[in-house]
file final_1.tsv (TSV, N, CA and C atoms)
chain	number	residue	atom	x	y	z
E	1	MET	N	68.20	85.96	131.93
E	1	MET	CA	68.79	86.41	130.69
E	1	MET	C	69.73	87.58	130.97
E	2	GLU	N	70.91	87.51	130.42
E	2	GLU	CA	71.93	88.53	130.66
E	2	GLU	C	71.72	89.74	129.75
E	3	LYS	N	71.95	90.92	130.31
E	3	LYS	CA	71.81	92.14	129.54
E	3	LYS	C	72.98	92.30	128.59
E	4	ARG	N	72.74	93.03	127.52
E	4	ARG	CA	73.83	93.33	126.60
E	4	ARG	C	74.86	94.20	127.28
E	5	LYS	N	76.12	93.99	126.95
E	5	LYS	CA	77.19	94.77	127.54
E	5	LYS	C	77.50	96.01	126.73
E	6	TYR	N	76.83	96.17	125.62
E	6	TYR	CA	77.07	97.33	124.76
E	6	TYR	C	75.75	97.95	124.37
E	7	LYS	N	75.82	99.21	124.01
E	7	LYS	CA	74.62	99.88	123.52
E	7	LYS	C	74.63	99.85	122.01
E	8	ALA	N	73.50	99.56	121.43
E	8	ALA	CA	73.40	99.56	119.98
E	8	ALA	C	73.51	100.99	119.47
E	9	LYS	N	74.21	101.15	118.36
E	9	LYS	CA	74.37	102.48	117.78
E	9	LYS	C	73.04	102.89	117.14
E	10	LEU	N	72.58	104.06	117.51
E	10	LEU	CA	71.34	104.56	116.94
E	10	LEU	C	71.62	105.20	115.59
E	11	LYS	N	70.79	104.89	114.64
E	11	LYS	CA	70.94	105.46	113.30
E	11	LYS	C	70.05	106.69	113.18
E	12	THR	N	70.63	107.74	112.65
E	12	THR	CA	69.84	108.94	112.39
E	12	THR	C	69.06	108.74	111.09
E	13	PRO	N	68.02	109.51	110.85
E	13	PRO	CA	67.30	109.40	109.58
E	13	PRO	C	68.21	109.64	108.37
E	14	LEU	N	69.21	110.50	108.52
E	14	LEU	CA	70.15	110.75	107.43
E	14	LEU	C	70.99	109.51	107.15
E	15	ASP	N	71.41	108.79	108.22
E	15	ASP	CA	72.16	107.55	108.04
E	15	ASP	C	71.34	106.52	107.26
E	16	VAL	N	70.07	106.41	107.60
E	16	VAL	CA	69.19	105.44	106.93
E	16	VAL	C	69.06	105.79	105.45
E	17	LYS	N	68.87	107.09	105.14
E	17	LYS	CA	68.75	107.51	103.74
E	17	LYS	C	70.03	107.22	102.96
E	18	ILE	N	71.17	107.51	103.58
E	18	ILE	CA	72.46	107.27	102.93
E	18	ILE	C	72.65	105.78	102.65
E	19	ASN	N	72.34	104.94	103.65
E	19	ASN	CA	72.48	103.49	103.46
E	19	ASN	C	71.58	102.99	102.33
E	20	LYS	N	70.36	103.52	102.24
E	20	LYS	CA	69.45	103.09	101.18
E	20	LYS	C	69.93	103.53	99.80
E	21	ILE	N	70.47	104.74	99.71
E	21	ILE	CA	70.97	105.23	98.41
E	21	ILE	C	72.12	104.36	97.94
E	22	ILE	N	73.08	104.11	98.83
E	22	ILE	CA	74.23	103.29	98.46
E	22	ILE	C	73.79	101.85	98.16
E	23	GLY	N	72.87	101.32	98.95
E	23	GLY	CA	72.35	99.97	98.71
E	23	GLY	C	71.67	99.84	97.35
E	24	ASN	N	70.88	100.86	96.98
E	24	ASN	CA	70.24	100.84	95.66
E	24	ASN	C	71.27	100.87	94.53
E	25	LYS	N	72.34	101.62	94.73
E	25	LYS	CA	73.40	101.69	93.72
E	25	LYS	C	74.12	100.34	93.59
E	26	ILE	N	74.32	99.66	94.70
E	26	ILE	CA	74.95	98.33	94.66
E	26	ILE	C	74.06	97.36	93.90
E	27	LYS	N	72.76	97.41	94.19
E	27	LYS	CA	71.81	96.52	93.51
E	27	LYS	C	71.77	96.84	92.01
E	28	GLU	N	71.76	98.13	91.68
E	28	GLU	CA	71.76	98.55	90.28
E	28	GLU	C	73.01	98.06	89.56
E	29	ALA	N	74.15	98.16	90.22
E	29	ALA	CA	75.41	97.70	89.62
E	29	ALA	C	75.39	96.19	89.41
E	30	ARG	N	74.78	95.46	90.35
E	30	ARG	CA	74.68	94.01	90.20
E	30	ARG	C	73.82	93.63	89.00
E	31	HIS	N	72.72	94.34	88.81
E	31	HIS	CA	71.80	94.01	87.72
E	31	HIS	C	72.31	94.46	86.36
E	32	ASN	N	73.11	95.51	86.33
E	32	ASN	CA	73.60	96.05	85.05
E	32	ASN	C	75.05	95.72	84.78
E	33	ARG	N	75.55	94.67	85.38
E	33	ARG	CA	76.97	94.33	85.22
E	33	ARG	C	77.24	93.91	83.78
E	34	GLU	N	78.30	94.48	83.25
E	34	GLU	CA	78.74	94.11	81.91
E	34	GLU	C	80.06	93.38	82.03
E	35	ILE	N	80.16	92.28	81.31
E	35	ILE	CA	81.41	91.53	81.30
E	35	ILE	C	81.95	91.52	79.88
E	36	LEU	N	83.25	91.49	79.78
E	36	LEU	CA	83.91	91.43	78.48
E	36	LEU	C	84.41	90.01	78.25
E	37	ILE	N	84.04	89.44	77.11
E	37	ILE	CA	84.45	88.09	76.77
E	37	ILE	C	85.38	88.18	75.57
E	38	HIS	N	86.58	87.68	75.75
E	38	HIS	CA	87.55	87.70	74.66
E	38	HIS	C	87.37	86.44	73.81
E	39	VAL	N	87.16	86.64	72.53
E	39	VAL	CA	87.01	85.53	71.59
E	39	VAL	C	88.34	85.40	70.84
E	40	PRO	N	89.02	84.27	70.99
E	40	PRO	CA	90.31	84.14	70.34
E	40	PRO	C	90.19	84.00	68.82
E	41	LYS	N	91.29	84.25	68.17
E	41	LYS	CA	91.34	84.16	66.71
E	41	LYS	C	91.21	82.70	66.28
E	42	THR	N	90.39	82.48	65.26
E	42	THR	CA	90.25	81.15	64.67
E	42	THR	C	90.65	81.25	63.20
E	43	SER	N	90.52	80.16	62.48
E	43	SER	CA	90.91	80.18	61.06
E	43	SER	C	89.97	81.05	60.22
E	44	THR	N	88.74	81.23	60.68
E	44	THR	CA	87.79	82.01	59.89
E	44	THR	C	87.50	83.40	60.46
E	45	THR	N	87.85	83.66	61.73
E	45	THR	CA	87.55	84.96	62.33
E	45	THR	C	88.80	85.56	62.98
E	46	THR	N	88.74	86.84	63.23
E	46	THR	CA	89.81	87.50	63.96
E	46	THR	C	89.44	87.52	65.44
E	47	SER	N	90.43	87.79	66.28
E	47	SER	CA	90.12	87.86	67.71
E	47	SER	C	89.39	89.17	67.99
E	48	HIS	N	88.45	89.11	68.89
E	48	HIS	CA	87.68	90.29	69.25
E	48	HIS	C	87.09	90.11	70.66
E	49	THR	N	86.53	91.18	71.16
E	49	THR	CA	85.94	91.17	72.49
E	49	THR	C	84.45	91.44	72.39
E	50	ILE	N	83.67	90.66	73.12
E	50	ILE	CA	82.22	90.83	73.14
E	50	ILE	C	81.83	91.36	74.52
E	51	LYS	N	80.99	92.39	74.52
E	51	LYS	CA	80.48	92.94	75.77
E	51	LYS	C	79.11	92.34	76.01
E	52	LYS	N	78.95	91.67	77.17
E	52	LYS	CA	77.68	91.04	77.50
E	52	LYS	C	77.20	91.55	78.85
E	53	GLN	N	75.90	91.64	78.98
E	53	GLN	CA	75.32	92.04	80.26
E	53	GLN	C	74.91	90.76	80.98
E	54	ARG	N	75.43	90.59	82.19
E	54	ARG	CA	75.13	89.38	82.94
E	54	ARG	C	74.84	89.74	84.39
E	55	LEU	N	73.76	89.22	84.92
E	55	LEU	CA	73.39	89.48	86.30
E	55	LEU	C	74.43	88.88	87.24
E	56	CYS	N	74.81	89.66	88.21
E	56	CYS	CA	75.73	89.19	89.25
E	56	CYS	C	74.88	88.79	90.45
E	57	THR	N	75.09	87.61	90.96
E	57	THR	CA	74.31	87.18	92.12
E	57	THR	C	74.89	87.78	93.39
E	58	GLN	N	74.08	87.81	94.43
E	58	GLN	CA	74.56	88.31	95.71
E	58	GLN	C	75.68	87.42	96.25
E	59	SER	N	75.57	86.13	96.01
E	59	SER	CA	76.60	85.20	96.47
E	59	SER	C	77.93	85.44	95.77
E	60	GLU	N	77.87	85.70	94.47
E	60	GLU	CA	79.08	85.96	93.70
E	60	GLU	C	79.78	87.22	94.20
E	61	LEU	N	79.01	88.28	94.43
E	61	LEU	CA	79.58	89.53	94.94
E	61	LEU	C	80.13	89.32	96.35
E	62	ALA	N	79.36	88.63	97.18
E	62	ALA	CA	79.78	88.40	98.57
E	62	ALA	C	81.09	87.63	98.63
E	63	LYS	N	81.20	86.59	97.81
E	63	LYS	CA	82.41	85.78	97.81
E	63	LYS	C	83.62	86.60	97.38
E	64	SER	N	83.43	87.50	96.43
E	64	SER	CA	84.56	88.27	95.92
E	64	SER	C	85.07	89.32	96.91
E	65	ILE	N	84.19	89.83	97.79
E	65	ILE	CA	84.65	90.84	98.76
E	65	ILE	C	84.80	90.28	100.17
E	66	GLY	N	84.50	89.00	100.36
E	66	GLY	CA	84.76	88.36	101.64
E	66	GLY	C	83.70	88.54	102.70
E	67	VAL	N	82.43	88.61	102.30
E	67	VAL	CA	81.32	88.68	103.26
E	67	VAL	C	80.29	87.62	102.87
E	68	THR	N	79.24	87.49	103.66
E	68	THR	CA	78.18	86.54	103.33
E	68	THR	C	77.15	87.22	102.42
E	69	PHE	N	76.36	86.40	101.74
E	69	PHE	CA	75.33	86.97	100.87
E	69	PHE	C	74.26	87.69	101.68
E	70	GLN	N	74.08	87.27	102.95
E	70	GLN	CA	73.12	87.96	103.80
E	70	GLN	C	73.56	89.41	104.05
E	71	GLN	N	74.88	89.60	104.14
E	71	GLN	CA	75.40	90.95	104.36
E	71	GLN	C	75.13	91.81	103.12
E	72	ILE	N	75.26	91.24	101.93
E	72	ILE	CA	74.96	91.97	100.69
E	72	ILE	C	73.48	92.34	100.68
E	73	GLN	N	72.61	91.42	101.13
E	73	GLN	CA	71.18	91.72	101.22
E	73	GLN	C	70.94	92.91	102.13
E	74	LYS	N	71.62	92.94	103.27
E	74	LYS	CA	71.44	94.04	104.22
E	74	LYS	C	71.96	95.35	103.64
E	75	TYR	N	73.09	95.29	102.89
E	75	TYR	CA	73.59	96.50	102.23
E	75	TYR	C	72.56	97.04	101.25
E	76	GLU	N	71.99	96.15	100.44
E	76	GLU	CA	71.04	96.56	99.40
E	76	GLU	C	69.75	97.10	99.97
E	77	ARG	N	69.30	96.57	101.10
E	77	ARG	CA	68.07	97.06	101.72
E	77	ARG	C	68.30	98.32	102.54
E	78	GLY	N	69.57	98.61	102.82
E	78	GLY	CA	69.89	99.79	103.62
E	78	GLY	C	69.86	99.54	105.11
E	79	GLN	N	69.79	98.28	105.51
E	79	GLN	CA	69.79	97.97	106.94
E	79	GLN	C	71.16	98.22	107.56
E	80	ASN	N	72.20	97.86	106.83
E	80	ASN	CA	73.56	98.07	107.31
E	80	ASN	C	74.27	99.04	106.37
E	81	GLY	N	75.13	99.83	106.94
E	81	GLY	CA	75.95	100.73	106.13
E	81	GLY	C	77.21	100.01	105.69
E	82	THR	N	77.76	100.43	104.58
E	82	THR	CA	79.00	99.83	104.10
E	82	THR	C	80.16	100.71	104.55
E	83	SER	N	81.25	100.06	104.90
E	83	SER	CA	82.45	100.82	105.22
E	83	SER	C	83.08	101.26	103.90
E	84	ILE	N	83.97	102.22	103.98
E	84	ILE	CA	84.60	102.72	102.77
E	84	ILE	C	85.47	101.64	102.14
E	85	ILE	N	86.03	100.76	102.94
E	85	ILE	CA	86.86	99.67	102.40
E	85	ILE	C	85.99	98.71	101.59
E	86	ARG	N	84.83	98.35	102.13
E	86	ARG	CA	83.91	97.46	101.40
E	86	ARG	C	83.41	98.13	100.12
E	87	LEU	N	83.14	99.43	100.21
E	87	LEU	CA	82.67	100.15	99.03
E	87	LEU	C	83.75	100.18	97.95
E	88	LEU	N	85.01	100.32	98.35
E	88	LEU	CA	86.11	100.27	97.39
E	88	LEU	C	86.23	98.89	96.76
E	89	GLN	N	86.05	97.84	97.57
E	89	GLN	CA	86.09	96.48	97.04
E	89	GLN	C	84.96	96.25	96.04
E	90	ILE	N	83.79	96.76	96.35
E	90	ILE	CA	82.63	96.60	95.45
E	90	ILE	C	82.87	97.38	94.17
E	91	SER	N	83.40	98.60	94.27
E	91	SER	CA	83.65	99.39	93.06
E	91	SER	C	84.72	98.74	92.20
E	92	ASN	N	85.73	98.12	92.81
E	92	ASN	CA	86.75	97.41	92.04
E	92	ASN	C	86.16	96.17	91.37
E	93	PHE	N	85.27	95.47	92.06
E	93	PHE	CA	84.65	94.28	91.49
E	93	PHE	C	83.85	94.61	90.23
E	94	PHE	N	83.08	95.69	90.30
E	94	PHE	CA	82.26	96.07	89.16
E	94	PHE	C	83.01	96.95	88.16
E	95	ASN	N	84.24	97.32	88.50
E	95	ASN	CA	85.04	98.19	87.65
E	95	ASN	C	84.32	99.52	87.40
E	96	LEU	N	83.76	100.06	88.48
E	96	LEU	CA	83.06	101.34	88.44
E	96	LEU	C	83.77	102.31	89.39
E	97	PRO	N	83.72	103.61	89.10
E	97	PRO	CA	84.34	104.56	90.02
E	97	PRO	C	83.56	104.65	91.33
E	98	LEU	N	84.23	105.02	92.37
E	98	LEU	CA	83.60	105.15	93.69
E	98	LEU	C	82.48	106.18	93.67
E	99	THR	N	82.62	107.19	92.83
E	99	THR	CA	81.60	108.23	92.75
E	99	THR	C	80.27	107.69	92.23
E	100	TYR	N	80.28	106.57	91.51
E	100	TYR	CA	79.04	105.95	91.05
E	100	TYR	C	78.14	105.61	92.24
E	101	PHE	N	78.76	105.10	93.32
E	101	PHE	CA	77.99	104.68	94.49
E	101	PHE	C	77.66	105.83	95.42
E	102	THR	N	78.48	106.88	95.41
E	102	THR	CA	78.31	107.97	96.36
E	102	THR	C	77.69	109.22	95.75
E	103	ASN	N	77.29	109.19	94.50
E	103	ASN	CA	76.77	110.37	93.82
E	103	ASN	C	75.53	110.93	94.51
E	104	GLY	N	74.55	110.12	94.79
E	104	GLY	CA	73.33	110.58	95.44
E	104	GLY	C	73.56	111.00	96.88
E	105	VAL	N	74.57	110.42	97.51
E	105	VAL	CA	74.87	110.74	98.90
E	105	VAL	C	75.43	112.15	99.01
E	106	THR	N	76.32	112.52	98.11
E	106	THR	CA	76.91	113.86	98.19
E	106	THR	C	75.86	114.93	97.95
E	107	LYS	N	74.88	114.65	97.12
E	107	LYS	CA	73.78	115.61	96.92
E	107	LYS	C	72.95	115.73	98.19
E	108	LEU	N	72.76	114.61	98.89
E	108	LEU	CA	71.95	114.60	100.10
E	108	LEU	C	72.65	115.35	101.24
E	109	ILE	N	73.93	115.11	101.40
E	109	ILE	CA	74.68	115.74	102.48
E	109	ILE	C	74.96	117.21	102.18
E	110	GLY	N	75.29	117.50	100.93
E	110	GLY	CA	75.62	118.88	100.57
E	110	GLY	C	77.08	119.17	100.83
E	111	GLN	N	77.47	120.37	100.51
E	111	GLN	CA	78.86	120.78	100.71
E	111	GLN	C	79.08	121.18	102.16
E	112	VAL	N	80.07	120.60	102.77
E	112	VAL	CA	80.42	120.93	104.14
E	112	VAL	C	81.58	121.90	104.11
E	113	LYS	N	81.40	123.05	104.76
E	113	LYS	CA	82.46	124.05	104.77
E	113	LYS	C	83.43	123.76	105.90
E	114	PRO	N	84.75	123.83	105.62
E	114	PRO	CA	85.71	123.63	106.70
E	114	PRO	C	85.69	124.83	107.64
E	115	PRO	N	86.08	124.64	108.89
E	115	PRO	CA	86.08	125.76	109.83
E	115	PRO	C	87.13	126.79	109.44
E	116	ILE	N	86.85	128.04	109.76
E	116	ILE	CA	87.79	129.11	109.47
E	116	ILE	C	88.72	129.23	110.67
E	117	ASN	N	89.99	129.07	110.44
E	117	ASN	CA	90.97	129.16	111.52
E	117	ASN	C	91.84	130.40	111.32
E	118	ASN	N	91.33	131.52	111.68
E	118	ASN	CA	92.16	132.72	111.65
E	118	ASN	C	92.05	133.43	112.98
E	119	SER	N	92.81	134.46	113.15
E	119	SER	CA	92.90	135.11	114.45
E	119	SER	C	91.59	135.78	114.87
E	120	SER	N	90.75	136.14	113.94
E	120	SER	CA	89.51	136.81	114.32
E	120	SER	C	88.50	135.84	114.94
E	121	THR	N	88.68	134.54	114.71
E	121	THR	CA	87.75	133.57	115.28
E	121	THR	C	88.22	133.03	116.62
E	122	ILE	N	89.46	133.34	117.01
E	122	ILE	CA	89.98	132.87	118.29
E	122	ILE	C	89.42	133.76	119.39
E	123	ALA	N	88.92	133.16	120.43
E	123	ALA	CA	88.37	133.93	121.54
E	123	ALA	C	89.51	134.71	122.20
E	124	PRO	N	89.35	136.02	122.42
E	124	PRO	CA	90.42	136.81	123.03
E	124	PRO	C	90.84	136.30	124.39
E	125	SER	N	89.93	135.66	125.13
E	125	SER	CA	90.31	135.17	126.46
E	125	SER	C	91.27	133.98	126.37
E	126	LEU	N	91.32	133.30	125.21
E	126	LEU	CA	92.22	132.17	125.06
E	126	LEU	C	93.64	132.61	124.72
E	127	VAL	N	93.80	133.82	124.22
E	127	VAL	CA	95.11	134.33	123.85
E	127	VAL	C	95.73	135.02	125.06
E	128	ALA	N	97.00	134.70	125.33
E	128	ALA	CA	97.67	135.25	126.51
E	128	ALA	C	97.77	136.77	126.45
E	129	ASN	N	98.20	137.30	125.34
E	129	ASN	CA	98.22	138.76	125.20
E	129	ASN	C	97.82	139.13	123.77
E	130	LYS	N	97.44	140.37	123.59
E	130	LYS	CA	96.94	140.83	122.29
E	130	LYS	C	98.02	140.85	121.23
E	131	GLU	N	99.27	140.98	121.63
E	131	GLU	CA	100.37	141.00	120.66
E	131	GLU	C	100.46	139.66	119.94
E	132	GLU	N	100.23	138.56	120.65
E	132	GLU	CA	100.22	137.23	120.00
E	132	GLU	C	99.09	137.16	118.97
E	133	LEU	N	97.97	137.75	119.31
E	133	LEU	CA	96.82	137.75	118.41
E	133	LEU	C	97.15	138.52	117.14
E	134	ASN	N	97.76	139.68	117.26
E	134	ASN	CA	98.11	140.47	116.08
E	134	ASN	C	99.23	139.85	115.27
E	135	MET	N	100.13	139.11	115.92
E	135	MET	CA	101.24	138.46	115.20
E	135	MET	C	100.73	137.29	114.36
E	136	SER	N	99.67	136.66	114.78
E	136	SER	CA	99.18	135.48	114.05
E	136	SER	C	98.42	135.84	112.78
E	137	VAL	N	98.12	137.13	112.61
E	137	VAL	CA	97.38	137.56	111.43
E	137	VAL	C	98.23	137.64	110.25
call {"tool": "encode", "arguments": {"input": "final_1.tsv", "output": "structure tokens"}}
result
Amino acid sequence: MEKRKYKAKLKTPLDVKINKIIGNKIKEARHNREILIHVPKTSTTTSHTIKKQRLCTQSELAKSIGVTFQQIQKYERGQNGTSIIRLLQISNFFNLPLTYFTNGVTKLIGQVKPPINNSSTIAPSLVANKEELNMSV
């Protein structure tokens, strides 16, 4: 038996939690999908729109974003992570904002501060002379 030529990517516990949160949101969106049905005008009624709640199957979602239903199952269970492109396709399909799927994730990760890039954080040994350091301030 031949060995694998690649190493499997190890998932951190944070990755697993993130995948499960997003997967639960996808499943929730599938179960709570609302569709709008336009009823045309007839001789006795005016035209109007009816909002109905209809379950979306995994196959229906999979077909619309170009993956298999097994992949949707893996997304929902948190086994596989979704790429941002797939998440955008899913949010467009359900007509929901992207933040609907990532809301719990941002709370889990927290606010990430960008690095401070000013002259006081530059190591003096990296600067050729002190005049350059003072000029950059």
call {"tool": "atom_distance", "arguments": {"input": "final_1.tsv", "atom1": "atom CA of E:Thr106", "atom2": "atom CA of E:Gly78"}}
result
16.6 Å
call {"tool": "atom_distance", "arguments": {"input": "final_1.tsv", "atom1": "atom C of E:Leu14", "atom2": "atom CA of E:Pro97"}}
result
22.3 Å
call {"tool": "select_by_dssp", "arguments": {"input": "final_1.tsv", "residues": "stretch 2-82 of chain E", "states": "strand (DSSP E)", "output": "PyMOL selection string"}}
result
chain E and resi 34-39+48-53
call {"tool": "atom_distance", "arguments": {"input": "final_1.tsv", "atom1": "atom CA of E:Phe94", "atom2": "atom CA of E:Pro13"}}
result
28.6 Å
call {"tool": "residues_around", "arguments": {"input": "final_1.tsv", "residues": "E:Ile26", "least_positions_apart": "2", "cutoff": "8 Å", "atoms": "only N, CA and C atoms", "output": "list in words"}}
result
Lys20, Ile21, Ile22, Gly23, Asn24, Glu28, Ala29, Arg30, His31, Asn32, Tyr75, Glu76, Ile90, Tyr100 and Phe101 of chain E
call {"tool": "closest_residue", "arguments": {"input": "final_1.tsv", "among": "E:His38, E:Arg86, E:Lys3, E:Arg77", "to": "E:Ile65", "atoms": "only C-alpha atoms"}}
result
E:Arg86
call {"tool": "residues_around", "arguments": {"input": "final_1.tsv", "residues": "E:Arg33", "least_positions_apart": "5", "cutoff": "7 Å", "atoms": "only C-alpha atoms", "output": "MDAnalysis selection string"}}
result
chainID E and resid 53:56 94
